[in-house]
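Before any comments, here is the structure.
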Amino acid sequence: MNLPILLPPAELRTARLLLRPWRPSDLEPFAALNADPAVMEHFPATLSRVESDAFAAASDDAIARQGWGRWALELQETGEFIGFTGLHRPAFEAPFLPAVEIAWRLSRRSWGHGYATEAATAALDFAFDRLGLAEVVSFTATVNTRSSAVMERLGMIHDPVGDFDHPVLPPGHRLRRHVLYRLTASHWRDRRPTPSGHLGPGR
């Protein structure tokens, strides 16, 4: 899948949030986020500091290389780092791949404020308007209803035929079965927020 390289790296702003490249100061709060059992409930395990730092480094390397990726997420009012949101090309094998996914992970204290939906909306605008993607996907464990709800608020459509067993998890693992959501560029443009801030008729 050949996608545009946009340099210098993109930063995205919303009413409340900044999606930006990573900074060294992000590593400590990101490690705390990844060590929180509540945040990582629907992942196989919490992450060590080494694993967390490696994830951040890989995310920032992708942004430096191609101009976009899994951006660090910051509250504009306070400058607080609250997690990440962005675009990624999964490396495992599944029938729906290759594709670009939209993903997010936010600190527990930032839940319930609509930040994931707000940040993902900006990332989807970027995916369809700047990168020219025809489709973006998202997926999560079937038990992760919180993330599935965000996908539905974004207008993504569940594709039951595409639901899959995640190949990195062993048979019988509680998180192995995943749901797949899809969003096409045409559907996104039909439901994009209007100048008044209300979602279009596709919502």
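So you can find residues: chains in the structure tokens are A, B, ... in the order shown, residues in each start at 1, and ligands are numbered from 1 in order.
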For Gly67 in chain A, list every protein, DNA or RNA residue within 10 Å, evaluated using only C-alpha atoms, and leave out those in the same chain fewer than 4 positions away; present the list as a compact mmCIF listing (two decimals) with C-alpha atoms, in the first residue's frame.
```
# COMPACT_ATOMS: atom_id res chain seq x y z
CA PRO A 4 1.92 9.89 0.56
CA ILE A 5 4.92 11.01 2.58
CA LEU A 6 4.20 14.42 4.07
CA LEU A 7 7.13 16.34 5.48
CA PRO A 8 7.52 18.22 7.73
CA PRO A 9 5.45 15.96 10.00
CA ALA A 10 1.82 16.96 10.33
CA GLU A 11 0.29 18.35 13.51
CA PRO A 21 4.99 14.22 17.23
CA ASP A 60 7.44 8.80 16.55
CA ASP A 61 9.81 7.18 14.03
CA ALA A 62 6.85 6.56 11.71
CA ILE A 63 5.75 10.20 12.00
```
Exercise. Range 158-169 of chain A: which residues within 8 Å, counting only C-alpha atoms, same-chain residues fewer than 5 positions away excluded, as a PyMOL selection string?
Worked result: chain A and resi 92-96+175-182
Atoms kept (all heavy atoms) for selection, written as a CSV table (one decimal), in the first residue's frame:
```
chain,number,residue,atom,x,y,z
A,92,PHE,N,0.4,-7.6,11.2
A,92,PHE,CA,0.0,-9.0,11.3
A,92,PHE,C,-0.8,-9.4,10.0
A,92,PHE,O,-1.1,-8.6,9.2
A,92,PHE,CB,-0.8,-9.3,12.5
A,92,PHE,CG,-2.1,-8.6,12.7
A,92,PHE,CD1,-3.3,-9.0,12.2
A,92,PHE,CD2,-2.1,-7.4,13.4
A,92,PHE,CE1,-4.5,-8.4,12.3
A,92,PHE,CE2,-3.3,-6.7,13.6
A,92,PHE,CZ,-4.5,-7.2,13.0
A,93,GLU,N,-1.1,-10.7,9.9
A,93,GLU,CA,-1.9,-11.2,8.7
A,93,GLU,C,-3.3,-11.4,9.1
A,93,GLU,O,-3.7,-12.0,10.1
A,93,GLU,CB,-1.3,-12.5,8.2
A,93,GLU,CG,0.2,-12.3,7.6
A,93,GLU,CD,0.7,-13.6,7.0
A,93,GLU,OE1,-0.1,-14.6,6.9
A,93,GLU,OE2,1.8,-13.6,6.6
A,94,ALA,N,-4.2,-10.9,8.2
A,94,ALA,CA,-5.6,-11.0,8.4
A,94,ALA,C,-6.3,-10.8,7.0
A,94,ALA,O,-5.7,-10.1,6.2
A,94,ALA,CB,-6.2,-10.1,9.4
A,95,PRO,N,-7.4,-11.3,6.7
A,95,PRO,CA,-8.1,-11.2,5.4
A,95,PRO,C,-8.3,-9.8,5.0
A,95,PRO,O,-8.3,-9.5,3.8
A,95,PRO,CB,-9.4,-12.0,5.5
A,95,PRO,CG,-9.1,-13.0,6.6
A,95,PRO,CD,-8.2,-12.3,7.6
A,96,PHE,N,-8.5,-8.8,5.9
A,96,PHE,CA,-8.8,-7.5,5.5
A,96,PHE,C,-7.6,-6.6,5.3
A,96,PHE,O,-7.7,-5.4,5.0
A,96,PHE,CB,-9.7,-6.8,6.6
A,96,PHE,CG,-9.1,-6.7,7.9
A,96,PHE,CD1,-8.4,-5.5,8.3
A,96,PHE,CD2,-9.2,-7.7,8.9
A,96,PHE,CE1,-7.8,-5.3,9.5
A,96,PHE,CE2,-8.6,-7.5,10.1
A,96,PHE,CZ,-7.9,-6.4,10.4
A,175,LEU,N,-9.3,-12.6,24.7
A,175,LEU,CA,-9.3,-11.4,23.8
A,175,LEU,C,-9.1,-11.8,22.4
A,175,LEU,O,-9.0,-10.9,21.5
A,175,LEU,CB,-8.2,-10.4,24.3
A,175,LEU,CG,-8.3,-9.9,25.7
A,175,LEU,CD1,-7.1,-9.0,26.0
A,175,LEU,CD2,-9.6,-9.1,25.9
A,176,ARG,N,-9.0,-13.0,22.0
A,176,ARG,CA,-8.6,-13.4,20.7
A,176,ARG,C,-9.6,-13.0,19.6
A,176,ARG,O,-9.3,-12.5,18.6
A,176,ARG,CB,-8.4,-14.9,20.6
A,176,ARG,CG,-7.7,-15.3,19.3
A,176,ARG,CD,-7.3,-16.7,19.3
A,176,ARG,NE,-6.4,-17.0,18.2
A,176,ARG,CZ,-6.5,-17.9,17.3
A,176,ARG,NH1,-7.5,-18.8,17.3
A,176,ARG,NH2,-5.6,-18.1,16.3
A,177,ARG,N,-10.9,-13.1,19.9
A,177,ARG,CA,-11.9,-12.7,18.9
A,177,ARG,C,-12.1,-11.2,18.8
A,177,ARG,O,-12.2,-10.5,19.9
A,177,ARG,CB,-13.3,-13.3,19.3
A,177,ARG,CG,-14.3,-13.2,18.1
A,177,ARG,CD,-13.9,-14.0,16.9
A,177,ARG,NE,-14.9,-14.0,15.8
A,177,ARG,CZ,-14.6,-14.5,14.6
A,177,ARG,NH1,-13.4,-15.0,14.3
A,177,ARG,NH2,-15.5,-14.4,13.7
A,178,HIS,N,-12.0,-10.7,17.6
A,178,HIS,CA,-12.0,-9.2,17.4
A,178,HIS,C,-13.1,-8.9,16.4
A,178,HIS,O,-13.5,-9.6,15.5
A,178,HIS,CB,-10.7,-8.8,16.8
A,178,HIS,CG,-9.6,-8.4,17.8
A,178,HIS,ND1,-9.3,-9.3,18.8
A,178,HIS,CD2,-8.9,-7.3,18.0
A,178,HIS,CE1,-8.3,-8.8,19.5
A,178,HIS,NE2,-8.1,-7.6,19.1
A,179,VAL,N,-13.7,-7.7,16.7
A,179,VAL,CA,-14.7,-7.1,15.8
A,179,VAL,C,-14.0,-6.2,14.8
A,179,VAL,O,-13.0,-5.5,15.2
A,179,VAL,CB,-15.8,-6.4,16.5
A,179,VAL,CG1,-16.7,-7.4,17.2
A,179,VAL,CG2,-15.3,-5.4,17.5
A,180,LEU,N,-14.4,-6.1,13.6
A,180,LEU,CA,-13.9,-5.2,12.6
A,180,LEU,C,-14.9,-4.2,12.2
A,180,LEU,O,-16.0,-4.5,11.9
A,180,LEU,CB,-13.5,-6.0,11.3
A,180,LEU,CG,-12.9,-5.2,10.1
A,180,LEU,CD1,-11.6,-4.6,10.5
A,180,LEU,CD2,-12.8,-6.1,8.9
A,181,TYR,N,-14.4,-2.9,12.2
A,181,TYR,CA,-15.3,-1.8,11.7
A,181,TYR,C,-14.6,-1.1,10.5
A,181,TYR,O,-13.4,-1.1,10.4
A,181,TYR,CB,-15.4,-0.8,12.8
A,181,TYR,CG,-16.5,-1.1,13.9
A,181,TYR,CD1,-16.2,-2.1,14.8
A,181,TYR,CD2,-17.7,-0.5,13.9
A,181,TYR,CE1,-17.2,-2.5,15.8
A,181,TYR,CE2,-18.7,-0.8,14.8
A,181,TYR,CZ,-18.4,-1.8,15.8
A,181,TYR,OH,-19.4,-2.1,16.7
A,182,ARG,N,-15.4,-0.6,9.6
A,182,ARG,CA,-14.9,0.0,8.4
A,182,ARG,C,-15.6,1.4,8.2
A,182,ARG,O,-16.7,1.6,8.7
A,182,ARG,CB,-15.3,-0.8,7.1
A,182,ARG,CG,-14.6,-2.2,7.1
A,182,ARG,CD,-15.0,-3.0,5.9
A,182,ARG,NE,-14.5,-4.3,5.8
A,182,ARG,CZ,-13.4,-4.7,5.3
A,182,ARG,NH1,-12.6,-3.7,4.8
A,182,ARG,NH2,-13.0,-5.9,5.2
```
Problem set entry | Expected answer as a ChimeraX atom specification: strand (DSSP E or B) residues in range 123-175 of chain A | /A:135-141,157-158,164-165
Please dump the current selection as a PDB file, in the first residue's frame; keep all heavy atoms.
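Output saved as selection-v2.pdb:
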```pdb
ATOM      1  N   GLU A 135     -10.586   4.055   2.403  1.00  0.00           N
ATOM      2  CA  GLU A 135     -11.197   3.401   3.557  1.00  0.00           C
ATOM      3  C   GLU A 135     -10.216   3.396   4.715  1.00  0.00           C
ATOM      4  O   GLU A 135      -8.998   3.341   4.524  1.00  0.00           O
ATOM      5  CB  GLU A 135     -11.584   1.959   3.209  1.00  0.00           C
ATOM      6  CG  GLU A 135     -12.268   1.211   4.348  1.00  0.00           C
ATOM      7  CD  GLU A 135     -12.604  -0.236   4.004  1.00  0.00           C
ATOM      8  OE1 GLU A 135     -11.657  -1.013   3.780  1.00  0.00           O
ATOM      9  OE2 GLU A 135     -13.805  -0.567   3.960  1.00  0.00           O
ATOM     10  N   VAL A 136     -10.762   3.464   5.922  1.00  0.00           N
ATOM     11  CA  VAL A 136     -10.005   3.284   7.156  1.00  0.00           C
ATOM     12  C   VAL A 136     -10.737   2.228   7.973  1.00  0.00           C
ATOM     13  O   VAL A 136     -11.975   2.182   7.980  1.00  0.00           O
ATOM     14  CB  VAL A 136      -9.900   4.601   7.950  1.00  0.00           C
ATOM     15  CG1 VAL A 136      -9.270   4.372   9.326  1.00  0.00           C
ATOM     16  CG2 VAL A 136      -9.083   5.627   7.169  1.00  0.00           C
ATOM     17  N   VAL A 137      -9.994   1.377   8.667  1.00  0.00           N
ATOM     18  CA  VAL A 137     -10.603   0.346   9.494  1.00  0.00           C
ATOM     19  C   VAL A 137     -10.239   0.584  10.960  1.00  0.00           C
ATOM     20  O   VAL A 137      -9.327   1.357  11.275  1.00  0.00           O
ATOM     21  CB  VAL A 137     -10.144  -1.068   9.066  1.00  0.00           C
ATOM     22  CG1 VAL A 137     -10.475  -1.322   7.598  1.00  0.00           C
ATOM     23  CG2 VAL A 137      -8.660  -1.284   9.336  1.00  0.00           C
ATOM     24  N   SER A 138     -10.944  -0.114  11.823  1.00  0.00           N
ATOM     25  CA  SER A 138     -10.598  -0.166  13.231  1.00  0.00           C
ATOM     26  C   SER A 138     -11.076  -1.497  13.774  1.00  0.00           C
ATOM     27  O   SER A 138     -12.020  -2.094  13.234  1.00  0.00           O
ATOM     28  CB  SER A 138     -11.234   0.998  14.007  1.00  0.00           C
ATOM     29  OG  SER A 138     -10.640   1.132  15.289  1.00  0.00           O
ATOM     30  N   PHE A 139     -10.433  -1.971  14.815  1.00  0.00           N
ATOM     31  CA  PHE A 139     -10.805  -3.270  15.370  1.00  0.00           C
ATOM     32  C   PHE A 139     -10.433  -3.311  16.843  1.00  0.00           C
ATOM     33  O   PHE A 139      -9.553  -2.580  17.307  1.00  0.00           O
ATOM     34  CB  PHE A 139     -10.125  -4.417  14.603  1.00  0.00           C
ATOM     35  CG  PHE A 139      -8.649  -4.237  14.391  1.00  0.00           C
ATOM     36  CD1 PHE A 139      -7.733  -4.636  15.357  1.00  0.00           C
ATOM     37  CD2 PHE A 139      -8.166  -3.671  13.225  1.00  0.00           C
ATOM     38  CE1 PHE A 139      -6.372  -4.480  15.171  1.00  0.00           C
ATOM     39  CE2 PHE A 139      -6.803  -3.494  13.020  1.00  0.00           C
ATOM     40  CZ  PHE A 139      -5.900  -3.901  14.000  1.00  0.00           C
ATOM     41  N   THR A 140     -11.107  -4.176  17.546  1.00  0.00           N
ATOM     42  CA  THR A 140     -10.838  -4.356  18.964  1.00  0.00           C
ATOM     43  C   THR A 140     -11.411  -5.687  19.406  1.00  0.00           C
ATOM     44  O   THR A 140     -12.210  -6.303  18.691  1.00  0.00           O
ATOM     45  CB  THR A 140     -11.442  -3.203  19.790  1.00  0.00           C
ATOM     46  OG1 THR A 140     -10.963  -3.289  21.144  1.00  0.00           O
ATOM     47  CG2 THR A 140     -12.972  -3.255  19.805  1.00  0.00           C
ATOM     48  N   ALA A 141     -11.018  -6.134  20.579  1.00  0.00           N
ATOM     49  CA  ALA A 141     -11.588  -7.358  21.144  1.00  0.00           C
ATOM     50  C   ALA A 141     -13.096  -7.194  21.311  1.00  0.00           C
ATOM     51  O   ALA A 141     -13.583  -6.100  21.625  1.00  0.00           O
ATOM     52  CB  ALA A 141     -10.928  -7.682  22.485  1.00  0.00           C
ATOM     53  N   ILE A 157     -18.788   1.367  10.426  1.00  0.00           N
ATOM     54  CA  ILE A 157     -19.788   0.309  10.272  1.00  0.00           C
ATOM     55  C   ILE A 157     -19.174  -1.032  10.626  1.00  0.00           C
ATOM     56  O   ILE A 157     -18.127  -1.414  10.091  1.00  0.00           O
ATOM     57  CB  ILE A 157     -20.322   0.265   8.820  1.00  0.00           C
ATOM     58  CG1 ILE A 157     -20.842   1.645   8.392  1.00  0.00           C
ATOM     59  CG2 ILE A 157     -21.408  -0.803   8.692  1.00  0.00           C
ATOM     60  CD1 ILE A 157     -21.976   2.164   9.226  1.00  0.00           C
ATOM     61  N   HIS A 158     -19.851  -1.762  11.517  1.00  0.00           N
ATOM     62  CA  HIS A 158     -19.389  -3.102  11.873  1.00  0.00           C
ATOM     63  C   HIS A 158     -19.518  -4.028  10.677  1.00  0.00           C
ATOM     64  O   HIS A 158     -20.571  -4.079  10.031  1.00  0.00           O
ATOM     65  CB  HIS A 158     -20.211  -3.627  13.050  1.00  0.00           C
ATOM     66  CG  HIS A 158     -19.810  -4.992  13.503  1.00  0.00           C
ATOM     67  ND1 HIS A 158     -20.704  -5.864  14.079  1.00  0.00           N
ATOM     68  CD2 HIS A 158     -18.619  -5.652  13.446  1.00  0.00           C
ATOM     69  CE1 HIS A 158     -20.078  -6.987  14.371  1.00  0.00           C
ATOM     70  NE2 HIS A 158     -18.816  -6.881  13.996  1.00  0.00           N
ATOM     71  N   PHE A 164     -12.579 -11.410  13.285  1.00  0.00           N
ATOM     72  CA  PHE A 164     -11.466 -12.349  13.131  1.00  0.00           C
ATOM     73  C   PHE A 164     -10.855 -12.715  14.477  1.00  0.00           C
ATOM     74  O   PHE A 164     -11.065 -12.024  15.485  1.00  0.00           O
ATOM     75  CB  PHE A 164     -10.392 -11.730  12.232  1.00  0.00           C
ATOM     76  CG  PHE A 164      -9.726 -10.501  12.805  1.00  0.00           C
ATOM     77  CD1 PHE A 164      -8.468 -10.575  13.387  1.00  0.00           C
ATOM     78  CD2 PHE A 164     -10.359  -9.253  12.781  1.00  0.00           C
ATOM     79  CE1 PHE A 164      -7.852  -9.446  13.918  1.00  0.00           C
ATOM     80  CE2 PHE A 164      -9.749  -8.118  13.307  1.00  0.00           C
ATOM     81  CZ  PHE A 164      -8.500  -8.216  13.874  1.00  0.00           C
ATOM     82  N   ASP A 165     -10.110 -13.797  14.469  1.00  0.00           N
ATOM     83  CA  ASP A 165      -9.310 -14.204  15.612  1.00  0.00           C
ATOM     84  C   ASP A 165      -7.921 -13.593  15.446  1.00  0.00           C
ATOM     85  O   ASP A 165      -7.243 -13.843  14.442  1.00  0.00           O
ATOM     86  CB  ASP A 165      -9.196 -15.731  15.694  1.00  0.00           C
ATOM     87  CG  ASP A 165     -10.521 -16.396  16.009  1.00  0.00           C
ATOM     88  OD1 ASP A 165     -11.352 -15.765  16.687  1.00  0.00           O
ATOM     89  OD2 ASP A 165     -10.733 -17.544  15.571  1.00  0.00           O
TER      90      ASP A 165
END
```
For this session: Can you pull out every residue within 10 Å of Ser25 in chain A, counting only C-alpha atoms, but drop anything in the same chain fewer than 4 positions away, and send it as JSON, numbers by chain?
Result: {"A": [29, 30, 81]}
For this session: For CA of Arg105 in chain A and CA of Phe84 in chain A, determine how far apart the two atoms are, in Å to one decimal place.
Result: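 Between CA of Arg105 in chain A and CA of Phe84 in chain A the gap works out to 5.5 Å.
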Exercise. CA of His88 in chain A to CA of His113 in chain A: how many Å, to one decimal?
Worked result: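 Computing the Euclidean distance for CA of His88 in chain A and CA of His113 in chain A yields 23.9 Å.
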For this session: In Å, rounded to a single decimal, give me how far CA of Gly69 in chain A is from CA of Gly86 in chain A.
Result: 5.5 Å
For this session: Mind checking which residues fall within 7 Å of range 38-44 of chain A, counting only C-alpha atoms, ignoring those fewer than 2 positions away in the same chain, and posting them as a list in words?
Result: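 Close residues of range 38-44 of chain A: Leu33, Asn34, Asp36, Thr46, Ser107, Arg108, Ala141, Asn144 and Leu175 of chain A.
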Exercise. Got a sec to tell me which of chain A DSSP assigns to helix (DSSP H, G or I), as a VMD selection string?
Worked result: chain A and resid 24 to 34 49 to 66 108 to 110 115 to 130 145 to 153 160 to 162 185 to 191
If we count only C-alpha atoms and set the cut-off at 12 Å, which residues sit around Asp129 in chain A, ignoring sequence neighbours fewer than 5 positions away in its own chain? Please answer as a PDB file with N, CA and C atoms, in the first residue's frame.
```
ATOM      1  N   PRO A   4       1.082   8.690   0.646  1.00  0.00           N
ATOM      2  CA  PRO A   4       1.918   9.890   0.559  1.00  0.00           C
ATOM      3  C   PRO A   4       2.833  10.048   1.765  1.00  0.00           C
ATOM      4  N   THR A 121     -11.722  12.106  14.949  1.00  0.00           N
ATOM      5  CA  THR A 121     -12.365  12.861  13.865  1.00  0.00           C
ATOM      6  C   THR A 121     -11.320  13.639  13.071  1.00  0.00           C
ATOM      7  N   ALA A 122     -10.387  14.286  13.770  1.00  0.00           N
ATOM      8  CA  ALA A 122      -9.321  15.022  13.085  1.00  0.00           C
ATOM      9  C   ALA A 122      -8.437  14.080  12.286  1.00  0.00           C
ATOM     10  N   ALA A 123      -8.126  12.916  12.862  1.00  0.00           N
ATOM     11  CA  ALA A 123      -7.277  11.958  12.162  1.00  0.00           C
ATOM     12  C   ALA A 123      -7.971  11.403  10.919  1.00  0.00           C
ATOM     13  N   LEU A 124      -9.287  11.213  10.987  1.00  0.00           N
ATOM     14  CA  LEU A 124     -10.021  10.714   9.826  1.00  0.00           C
ATOM     15  C   LEU A 124     -10.111  11.777   8.739  1.00  0.00           C
ATOM     16  N   ALA A 134      -9.247   5.565   0.582  1.00  0.00           N
ATOM     17  CA  ALA A 134     -10.611   5.189   0.238  1.00  0.00           C
ATOM     18  C   ALA A 134     -11.346   4.603   1.443  1.00  0.00           C
ATOM     19  N   GLU A 135     -10.586   4.055   2.403  1.00  0.00           N
ATOM     20  CA  GLU A 135     -11.197   3.401   3.557  1.00  0.00           C
ATOM     21  C   GLU A 135     -10.216   3.396   4.715  1.00  0.00           C
ATOM     22  N   ALA A 185     -14.406   6.684   2.568  1.00  0.00           N
ATOM     23  CA  ALA A 185     -14.298   8.136   2.400  1.00  0.00           C
ATOM     24  C   ALA A 185     -15.642   8.748   2.053  1.00  0.00           C
ATOM     25  N   SER A 186     -16.419   8.088   1.210  1.00  0.00           N
ATOM     26  CA  SER A 186     -17.706   8.654   0.804  1.00  0.00           C
ATOM     27  C   SER A 186     -18.663   8.732   1.986  1.00  0.00           C
ATOM     28  N   TRP A 188     -17.794   8.980   5.142  1.00  0.00           N
ATOM     29  CA  TRP A 188     -17.287  10.013   6.036  1.00  0.00           C
ATOM     30  C   TRP A 188     -17.698  11.399   5.554  1.00  0.00           C
ATOM     31  N   ARG A 189     -17.577  11.654   4.275  1.00  0.00           N
ATOM     32  CA  ARG A 189     -17.924  12.976   3.753  1.00  0.00           C
ATOM     33  C   ARG A 189     -19.417  13.237   3.864  1.00  0.00           C
ATOM     34  N   ARG A 192     -19.793  14.205   7.664  1.00  0.00           N
ATOM     35  CA  ARG A 192     -18.846  15.144   8.245  1.00  0.00           C
ATOM     36  C   ARG A 192     -19.585  16.287   8.950  1.00  0.00           C
TER      37      ARG A 192
END
```
For this session: Show which residues sit within 8 Å of range 53-58 of chain A, as number ranges by chain. Count only C-alpha atoms, and ignore same-chain residues fewer than 6 positions away.
Result: A: 22, 27, 31
Surrounding residues of Ala119 in chain A excluding itself and chain neighbours under 4 positions, 12 Å, only C-alpha atoms, as a compact mmCIF listing (two decimals) with N, CA, C and O atoms, in the first residue's frame:
```txt
# COMPACT_ATOMS: atom_id res chain seq x y z
N GLU A 11 0.93 18.19 12.22
CA GLU A 11 0.29 18.35 13.51
C GLU A 11 -1.17 18.69 13.24
O GLU A 11 -1.46 19.47 12.34
N LEU A 12 -2.06 18.11 14.03
CA LEU A 12 -3.48 18.34 13.85
C LEU A 12 -4.03 19.01 15.11
O LEU A 12 -3.68 18.63 16.23
N ARG A 13 -4.91 19.98 14.92
CA ARG A 13 -5.53 20.66 16.05
C ARG A 13 -7.04 20.55 15.97
O ARG A 13 -7.63 20.60 14.89
N THR A 14 -7.64 20.39 17.12
CA THR A 14 -9.09 20.44 17.25
C THR A 14 -9.42 21.57 18.23
O THR A 14 -8.53 22.31 18.65
N ALA A 15 -10.67 21.67 18.61
CA ALA A 15 -11.05 22.72 19.55
C ALA A 15 -10.28 22.61 20.87
O ALA A 15 -9.94 23.61 21.49
N ARG A 16 -10.00 21.37 21.29
CA ARG A 16 -9.39 21.17 22.60
C ARG A 16 -8.05 20.46 22.57
O ARG A 16 -7.35 20.44 23.60
N LEU A 17 -7.69 19.86 21.46
CA LEU A 17 -6.60 18.90 21.43
C LEU A 17 -5.54 19.25 20.39
O LEU A 17 -5.84 19.88 19.37
N LEU A 18 -4.32 18.78 20.64
CA LEU A 18 -3.23 18.84 19.69
C LEU A 18 -2.72 17.44 19.46
O LEU A 18 -2.36 16.73 20.41
N LEU A 19 -2.71 17.00 18.21
CA LEU A 19 -2.11 15.73 17.81
C LEU A 19 -0.76 16.07 17.21
O LEU A 19 -0.69 16.77 16.19
N ARG A 20 0.32 15.57 17.79
CA ARG A 20 1.66 16.05 17.44
C ARG A 20 2.68 14.93 17.52
O ARG A 20 2.40 13.85 18.07
N ARG A 70 0.71 7.50 14.58
CA ARG A 70 0.03 7.52 15.88
C ARG A 70 0.59 8.70 16.67
O ARG A 70 1.63 8.62 17.30
N TRP A 71 -0.16 9.83 16.58
CA TRP A 71 0.30 11.07 17.19
C TRP A 71 0.14 11.06 18.71
O TRP A 71 -0.83 10.51 19.25
N ALA A 72 1.07 11.71 19.40
CA ALA A 72 0.87 12.01 20.82
C ALA A 72 -0.28 12.99 20.94
O ALA A 72 -0.48 13.86 20.09
N LEU A 73 -1.05 12.85 22.01
CA LEU A 73 -2.28 13.64 22.18
C LEU A 73 -2.12 14.54 23.40
O LEU A 73 -1.82 14.07 24.50
N GLU A 74 -2.35 15.83 23.18
CA GLU A 74 -2.12 16.84 24.22
C GLU A 74 -3.35 17.72 24.38
O GLU A 74 -3.98 18.09 23.39
N LEU A 75 -3.68 18.06 25.62
CA LEU A 75 -4.73 19.04 25.88
C LEU A 75 -4.16 20.42 25.61
O LEU A 75 -3.16 20.82 26.21
N ILE A 82 -2.07 13.10 27.18
CA ILE A 82 -3.13 12.20 27.65
C ILE A 82 -3.18 10.88 26.89
O ILE A 82 -4.06 10.06 27.15
N GLY A 83 -2.24 10.63 25.96
CA GLY A 83 -2.24 9.36 25.25
C GLY A 83 -1.88 9.54 23.79
O GLY A 83 -1.08 10.41 23.44
N PHE A 84 -2.46 8.71 22.94
CA PHE A 84 -2.21 8.86 21.51
C PHE A 84 -3.48 8.58 20.72
O PHE A 84 -4.40 7.90 21.18
N THR A 85 -3.51 9.10 19.52
CA THR A 85 -4.56 8.83 18.54
C THR A 85 -3.92 8.95 17.17
O THR A 85 -3.10 9.84 16.95
N GLY A 86 -4.29 8.07 16.25
CA GLY A 86 -3.73 8.23 14.92
C GLY A 86 -3.90 7.04 14.02
O GLY A 86 -4.75 6.17 14.26
N LEU A 87 -3.08 7.01 12.99
CA LEU A 87 -3.20 6.07 11.89
C LEU A 87 -2.00 5.14 11.86
O LEU A 87 -0.86 5.56 12.12
N ILE A 102 -7.36 3.22 12.33
CA ILE A 102 -7.33 4.32 13.28
C ILE A 102 -7.39 3.72 14.68
O ILE A 102 -8.17 2.79 14.93
N ALA A 103 -6.54 4.24 15.56
CA ALA A 103 -6.43 3.67 16.90
C ALA A 103 -6.22 4.80 17.91
O ALA A 103 -5.83 5.91 17.56
N TRP A 104 -6.47 4.48 19.17
CA TRP A 104 -6.31 5.46 20.25
C TRP A 104 -6.08 4.73 21.55
O TRP A 104 -6.46 3.55 21.71
N ARG A 105 -5.44 5.39 22.48
CA ARG A 105 -5.28 4.90 23.85
C ARG A 105 -5.10 6.12 24.73
O ARG A 105 -4.15 6.88 24.55
N LEU A 106 -6.00 6.32 25.67
CA LEU A 106 -6.00 7.52 26.51
C LEU A 106 -5.90 7.15 27.97
O LEU A 106 -6.36 6.08 28.39
N HIS A 113 -14.74 12.44 28.36
CA HIS A 113 -14.79 13.84 27.92
C HIS A 113 -14.95 13.99 26.41
O HIS A 113 -14.94 15.11 25.91
N GLY A 114 -15.03 12.87 25.71
CA GLY A 114 -15.16 12.94 24.25
C GLY A 114 -13.86 13.16 23.52
O GLY A 114 -13.86 13.43 22.31
N TYR A 115 -12.73 13.02 24.22
CA TYR A 115 -11.44 13.30 23.58
C TYR A 115 -11.12 12.30 22.48
O TYR A 115 -10.58 12.68 21.43
N ALA A 123 -8.13 12.92 12.86
CA ALA A 123 -7.28 11.96 12.16
C ALA A 123 -7.97 11.40 10.92
O ALA A 123 -7.33 11.17 9.89
N LEU A 124 -9.29 11.21 10.99
CA LEU A 124 -10.02 10.71 9.83
C LEU A 124 -10.11 11.78 8.74
O LEU A 124 -10.00 11.46 7.55
N ASP A 125 -10.32 13.02 9.12
CA ASP A 125 -10.26 14.10 8.13
C ASP A 125 -8.92 14.07 7.39
O ASP A 125 -8.86 14.20 6.16
N PHE A 126 -7.85 13.91 8.15
CA PHE A 126 -6.51 13.85 7.57
C PHE A 126 -6.38 12.64 6.64
O PHE A 126 -5.83 12.75 5.54
N VAL A 150 -16.93 4.12 20.50
CA VAL A 150 -16.27 5.24 19.83
C VAL A 150 -16.32 5.04 18.32
O VAL A 150 -16.61 5.98 17.56
N LEU A 154 -18.12 7.52 15.51
CA LEU A 154 -17.42 8.06 14.35
C LEU A 154 -18.11 7.73 13.03
O LEU A 154 -17.70 8.21 11.98
```
